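Peer 1: Sending over a structure as structure tokens; questions will come in a sec.
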Amino acid sequence: MNKIFTLLIFGLLLSSCASIFNNIVQKVAINTDKRIEVVPVDSSIRVLDYNEFFYIVRSRNPLKVNLKIDGKDSTILLKSHNSVAFWANIDFNYGVGMLVDLKNPKRFAYPKRTYLNIKDAKVYENRFAPTLKGTINWNITLPYLNSFNIKTTGRNTNLAGFWGIETGLDYYYKDNRFLSFNAGAATNFLVPVPAAVDIYGENQTSSGLYLNLRNNFYVGRFTLGYGLSYSKLYWQITNNSDSTFIPKSRSNSAFGVSLNSSYRFGESFRLGILYQPYFFSSEKKFTTDYQYQISIELIWEIPLRYGSTEK
């Protein structure tokens with residue numbers, strides 16, 4: 001029995017993620033601008049339904065991509081790299097599987113998506129094609145981690161926590177440049193997962209309902225945005241362990257700017273940070289006060305309309 005158990009453990013340790021999860025053939029997408037045409041790629045089979053997709057045999061060697069640029073033949077090489085499944089051996093079997101995958105071509109992967117464009121007679125590689133003028137995206141955003149600086153009774157208080165929701169529209173008035181309008185809510189909920197929480201003693205909570213309008217542009221895989229923001233900020237303090245304690249609350253309307261930066265890590269997903277400093281507020285009267293909201297966000301983009309290269 002012990003021998004069988006030992007063999008099972010040994011087999012699990014020697015199993016490799018790349019050998020199990022990776023197919024010897026990988027599907028890749030190669031898109032180009034209108035001046036470039038991709039002709040058959042080495043070791044590949046073109047998918048008939050979509051001209052930009054190819055099935056590529058995995059290899060350590062760079063992938064040779066044959067092009068026609070303004071009718072002239074050209075070639076570029078796409079480098080291979082160790083796949084996610086190969087590195088996953090560290091977590092799944094303490095790296096033992098790497099030894100099994102070491103000489104297996106399944107350990108390698110090519111970029112899943114490549115966009116080729118030509119500028120000054122030179123071909124450039126990018127992960128994503130530009131988002132075209134006229135595109136409209138609906139975005140759903142999760143402000144997961146939030147920090148507030150908010151006016152309370154006679155001073156400002158810093159509070160941080162989790163959870164929120166935001167939604168809005170992006171309109172591309174130019175390739176890779178867009179206007180965004182968003183409405184959202186953020187809180188300082190105590191725990192990072194949705195759950196019922198029973199808090200004993202003093203407890204301070206903060207939240208904000210906000211609108212923002214921004215101009216945004218791409219820099220590589222990063223998006224930078226700037227604009228205006230309005231927020232209704234709320235603060236409350238309670239104490240359920242003291243029967244004599246009188247709960248206090250305060251709210252104000254705040255006006256300021258909205259700054260955003262995000263990193264695109266998938267076709268439809270971005271990870272970003274939102275900073276909304278407020279310089280003016282209105283409670284019983286209009287005053288100049290500094291408050292802010294900072295959020296780390298996960299952004300999901302859903303295309304509603306695709307732009308066109310036609311002028």
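Residues are named by chain letter and number: chains run A, B, ... in the order of the structure tokens, numbers start at 1 in each chain, and ligands are numbered from 1 in the order shown.
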May I have a table of the residues of stretch 71-185 of chain A lying at most 10 Å from stretch 233-253 of chain A, giving each one's closest pair of atoms and their distance in Å to one decimal, counting only C-alpha atoms, ordered by chain and ascending residue number, as JSON lines?
Peer 2:
```
{"residue": "A:Phe148", "atom": "CA", "partner": "A:Leu233", "partner_atom": "CA", "distance": 9.1}
{"residue": "A:Asn149", "atom": "CA", "partner": "A:Leu233", "partner_atom": "CA", "distance": 9.7}
{"residue": "A:Ile150", "atom": "CA", "partner": "A:Leu233", "partner_atom": "CA", "distance": 7.2}
{"residue": "A:Lys151", "atom": "CA", "partner": "A:Arg250", "partner_atom": "CA", "distance": 7.8}
{"residue": "A:Thr152", "atom": "CA", "partner": "A:Arg250", "partner_atom": "CA", "distance": 6.3}
{"residue": "A:Thr153", "atom": "CA", "partner": "A:Arg250", "partner_atom": "CA", "distance": 7.7}
{"residue": "A:Thr157", "atom": "CA", "partner": "A:Trp235", "partner_atom": "CA", "distance": 9.1}
{"residue": "A:Leu159", "atom": "CA", "partner": "A:Trp235", "partner_atom": "CA", "distance": 9.5}
{"residue": "A:Ala185", "atom": "CA", "partner": "A:Leu233", "partner_atom": "CA", "distance": 9.9}
```
Peer 1: Find the residues around stretch 268-274 of chain A up to 6 Å (only C-alpha atoms counted), leave out those fewer than 6 positions away in its own chain, and share them as a compact mmCIF listing (two decimals) with N, CA and C atoms, in the first residue's frame.
Peer 2:
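Once everything was written out, this is out_10.txt:
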```txt
# COMPACT_ATOMS: atom_id res chain seq x y z
N LEU A 259 -8.74 62.06 -12.34
CA LEU A 259 -7.53 61.57 -13.02
C LEU A 259 -7.52 60.06 -12.97
N ASN A 260 -7.19 59.43 -14.11
CA ASN A 260 -7.24 57.98 -14.19
C ASN A 260 -6.08 57.46 -15.01
N SER A 261 -5.52 56.35 -14.59
CA SER A 261 -4.52 55.64 -15.37
C SER A 261 -4.81 54.15 -15.27
N SER A 262 -4.76 53.45 -16.40
CA SER A 262 -5.07 52.02 -16.39
C SER A 262 -4.15 51.28 -17.35
N ILE A 294 -9.48 57.83 -3.75
CA ILE A 294 -8.54 57.05 -4.57
C ILE A 294 -9.07 55.62 -4.62
N SER A 295 -9.15 55.06 -5.82
CA SER A 295 -9.67 53.70 -5.99
C SER A 295 -8.78 52.90 -6.93
N ILE A 296 -8.57 51.65 -6.58
CA ILE A 296 -7.95 50.68 -7.51
C ILE A 296 -9.09 49.92 -8.16
N GLU A 297 -9.11 49.90 -9.51
CA GLU A 297 -10.28 49.45 -10.24
C GLU A 297 -9.97 48.33 -11.22
N LEU A 298 -10.95 47.47 -11.42
CA LEU A 298 -10.94 46.50 -12.52
C LEU A 298 -12.02 46.94 -13.50
N ILE A 299 -11.62 47.15 -14.76
CA ILE A 299 -12.51 47.72 -15.77
C ILE A 299 -12.78 46.70 -16.87
N TRP A 300 -14.05 46.49 -17.15
CA TRP A 300 -14.49 45.57 -18.20
C TRP A 300 -15.17 46.38 -19.30
N GLU A 301 -14.65 46.29 -20.52
CA GLU A 301 -15.20 47.04 -21.64
C GLU A 301 -16.05 46.12 -22.53
```
Peer 1: What is the atom CA of A:Asn176 to atom CA of A:Val219 distance in Å?
Peer 2: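 Rounded to one decimal, the two atoms are 8.8 Å apart.
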Peer 1: Would you please work out which residue, of A:Gly208, A:Gly220, A:Pro105, A:Gly227, is nearest to A:Glu125 when using only C-alpha atoms?
Peer 2: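 That would be A:Gly220, the residue with the smallest distance to A:Glu125.
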Peer 1: Could you tell me how far atom CA of A:Asn137 sits from atom CA of A:Glu37, in Å to one decimal place?
Peer 2: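 So the answer is 28.3 Å.
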Peer 1: Can you pull out the residues contacting A:Thr135? Cut-off 12 Å, using only C-alpha atoms, and skip same-chain residues under 5 positions away; I want them as a ChimeraX atom specification.
Peer 2: /A:130,169-180,301-309
Peer 1: So that I have them on file, write out the residues from the current selection with C-alpha atoms, as a PDB file, in the first residue's frame.
Peer 2:
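Final file, part-v7.pdb:
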```
ATOM      1  CA  PRO A 130      -5.746  50.777 -32.172  1.00  0.00           C
ATOM      2  CA  LEU A 169     -19.764  54.998 -21.807  1.00  0.00           C
ATOM      3  CA  ASP A 170     -16.610  55.627 -23.842  1.00  0.00           C
ATOM      4  CA  TYR A 171     -16.832  57.405 -27.209  1.00  0.00           C
ATOM      5  CA  TYR A 172     -13.765  57.375 -29.488  1.00  0.00           C
ATOM      6  CA  TYR A 173     -13.637  60.723 -31.268  1.00  0.00           C
ATOM      7  CA  LYS A 174     -10.248  59.747 -32.735  1.00  0.00           C
ATOM      8  CA  ASP A 175      -8.225  56.529 -32.977  1.00  0.00           C
ATOM      9  CA  ASN A 176      -7.076  55.626 -29.427  1.00  0.00           C
ATOM     10  CA  ARG A 177      -8.593  58.835 -27.983  1.00  0.00           C
ATOM     11  CA  PHE A 178     -11.959  58.894 -26.266  1.00  0.00           C
ATOM     12  CA  LEU A 179     -14.329  60.775 -24.020  1.00  0.00           C
ATOM     13  CA  SER A 180     -15.716  58.877 -21.024  1.00  0.00           C
ATOM     14  CA  GLU A 301     -15.199  47.043 -21.643  1.00  0.00           C
ATOM     15  CA  ILE A 302     -18.174  45.820 -23.700  1.00  0.00           C
ATOM     16  CA  PRO A 303     -18.273  47.035 -27.337  1.00  0.00           C
ATOM     17  CA  LEU A 304     -21.589  48.586 -28.388  1.00  0.00           C
ATOM     18  CA  ARG A 305     -20.399  49.878 -31.757  1.00  0.00           C
ATOM     19  CA  TYR A 306     -17.199  49.335 -33.711  1.00  0.00           C
ATOM     20  CA  GLY A 307     -15.459  52.177 -35.493  1.00  0.00           C
ATOM     21  CA  SER A 308     -14.304  52.087 -39.073  1.00  0.00           C
ATOM     22  CA  THR A 309     -11.122  52.929 -40.954  1.00  0.00           C
TER      23      THR A 309
END
```
Peer 1: Report the distance between atom CA of A:Asp289 and atom CA of A:Thr223 in Å, rounded to one decimal place.
Peer 2: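 Result for atom CA of A:Asp289 versus atom CA of A:Thr223: 28.9 Å, one decimal.
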Peer 1: Excluding A:Arg35 and any residue of its chain fewer than 2 positions from it, enumerate the residues within 6 Å of it, using only C-alpha atoms, and give them as a ChimeraX atom specification.
Peer 2: /A:33,69-70
Peer 1: Write the residues you've just listed into a file as a CSV table (one decimal), in the first residue's frame, and include C-alpha atoms for each of them.
Peer 2:
```csv
chain,number,residue,atom,x,y,z
A,33,ASP,CA,-2.7,48.1,-40.9
A,69,ILE,CA,4.2,45.8,-47.8
A,70,ASP,CA,3.0,47.9,-50.7
```
Peer 1: Under the rule that only C-alpha atoms are counted, which of A:Val57, A:Ala121, A:Leu99, A:Leu209 is the nearest residue to A:Ile24?
Peer 2: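 Residue with the minimum atom-to-atom distance to A:Ile24: A:Val57.
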Peer 1: Let me make sure I understand: among A:Lys133, A:Arg214, A:Arg58, A:Arg127, which one has the smallest atom-to-atom distance to A:Arg264 if we use only C-alpha atoms?
Peer 2: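 Under the stated criterion, the closest residue is A:Arg127.
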Peer 1: Just want the 6 Å neighbourhood of A:Tyr210, counted on only C-alpha atoms, with same-chain residues fewer than 2 positions away dropped. Output as a ChimeraX atom specification.
Peer 2: /A:183-184,230-231
Peer 1: Mind writing the picked residues with N, CA and C atoms as a PDB file, in the first residue's frame?
Peer 2:
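Once everything was written out, this is part_35.pdb:
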```pdb
ATOM      1  N   ALA A 183     -20.667  57.058 -13.889  1.00  0.00           N
ATOM      2  CA  ALA A 183     -21.349  57.254 -12.620  1.00  0.00           C
ATOM      3  C   ALA A 183     -21.017  56.074 -11.727  1.00  0.00           C
ATOM      4  N   GLY A 184     -20.702  56.339 -10.463  1.00  0.00           N
ATOM      5  CA  GLY A 184     -20.292  55.243  -9.601  1.00  0.00           C
ATOM      6  C   GLY A 184     -20.563  55.492  -8.130  1.00  0.00           C
ATOM      7  N   TYR A 230     -17.751  65.313  -9.881  1.00  0.00           N
ATOM      8  CA  TYR A 230     -18.659  65.752  -8.819  1.00  0.00           C
ATOM      9  C   TYR A 230     -18.968  64.547  -7.940  1.00  0.00           C
ATOM     10  N   SER A 231     -18.992  64.759  -6.621  1.00  0.00           N
ATOM     11  CA  SER A 231     -19.259  63.655  -5.711  1.00  0.00           C
ATOM     12  C   SER A 231     -20.097  64.108  -4.531  1.00  0.00           C
TER      13      SER A 231
END
```
Peer 1: As a PyMOL selection string, please: every residue in stretch 123-184 of chain A that DSSP puts in strand (DSSP E or B).
Peer 2: chain A and resi 123-126+136-151+156-174+177-184
Peer 1: My list of candidates is A:Gly266, A:Gly168, A:Pro194, A:Gly256. Which is closest to A:Ser282 when distances are computed with only C-alpha atoms?
Peer 2: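 Result for the nearest residue to A:Ser282: A:Gly256.
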Peer 1: DSSP says helix (DSSP H, G or I) for which residues of stretch 15-119 of chain A? Put them as a list in words?
Peer 2: Cys17, Ala18, Ser19, Ile20, Phe21, Val84, Ala85, Phe86, Trp87, Asn89, Ile90, Asp91, Phe92, Asn93, Val96, Gly97, Met98, Leu99, Val100, Asp101, Pro105, Lys106 and Arg107 of chain A
Peer 1: Just checking: using only C-alpha atoms, which residue out of A:Lys119, A:Ser206, A:Leu142, A:Leu213 ends up closest to A:Tyr292?
Peer 2: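 Using only C-alpha atoms, A:Tyr292 sits closest to A:Ser206.
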Peer 1: So, counting only C-alpha atoms, which residue among A:Gly201, A:Asn215, A:Met98, A:Arg155 is closest to A:Phe181?
Peer 2: A:Asn215
Peer 1: Using only C-alpha atoms, which protein or nucleic acid residues come within 9 Å of A:Cys17? Drop anything in the same chain fewer than 2 positions from it, and give the result as a PyMOL selection string.
Peer 2: chain A and resi 15+19-22+85-89+92-93+97-98+101+107
Peer 1: Could you write those residues out with N, CA and C atoms, as a compact mmCIF listing (two decimals), in the first residue's frame?
Peer 2:
```txt
# COMPACT_ATOMS: atom_id res chain seq x y z
N SER A 15 4.41 15.16 -12.89
CA SER A 15 3.49 15.67 -13.90
C SER A 15 3.82 17.13 -14.15
N SER A 19 2.87 20.19 -20.30
CA SER A 19 2.56 18.96 -21.02
C SER A 19 1.07 18.63 -20.93
N ILE A 20 0.45 18.97 -19.80
CA ILE A 20 -0.95 18.62 -19.59
C ILE A 20 -1.88 19.67 -20.21
N PHE A 21 -1.59 20.96 -19.97
CA PHE A 21 -2.54 22.00 -20.34
C PHE A 21 -2.30 22.61 -21.72
N ASN A 22 -1.08 22.55 -22.23
CA ASN A 22 -0.79 23.16 -23.53
C ASN A 22 -0.92 22.15 -24.66
N ALA A 85 1.70 28.18 -18.39
CA ALA A 85 1.62 26.82 -17.86
C ALA A 85 2.98 26.32 -17.39
N PHE A 86 4.05 26.70 -18.08
CA PHE A 86 5.40 26.29 -17.68
C PHE A 86 5.74 26.89 -16.31
N TRP A 87 5.47 28.18 -16.13
CA TRP A 87 5.77 28.82 -14.85
C TRP A 87 4.85 28.34 -13.75
N ALA A 88 3.66 27.84 -14.11
CA ALA A 88 2.72 27.34 -13.10
C ALA A 88 3.26 26.12 -12.37
N ASN A 89 4.28 25.46 -12.93
CA ASN A 89 4.89 24.32 -12.24
C ASN A 89 5.44 24.71 -10.87
N PHE A 92 2.32 24.45 -8.65
CA PHE A 92 1.62 23.16 -8.59
C PHE A 92 2.50 22.01 -8.10
N ASN A 93 3.77 22.01 -8.44
CA ASN A 93 4.61 20.86 -8.05
C ASN A 93 6.01 21.30 -7.63
N GLY A 97 7.97 19.97 -12.22
CA GLY A 97 7.45 19.83 -13.58
C GLY A 97 8.26 20.58 -14.62
N MET A 98 9.01 21.59 -14.19
CA MET A 98 9.87 22.31 -15.14
C MET A 98 10.93 21.41 -15.74
N ASP A 101 9.26 19.49 -18.42
CA ASP A 101 8.93 20.34 -19.58
C ASP A 101 10.15 20.92 -20.27
N ARG A 107 6.27 23.84 -23.76
CA ARG A 107 6.57 24.84 -22.74
C ARG A 107 6.56 26.25 -23.30
```
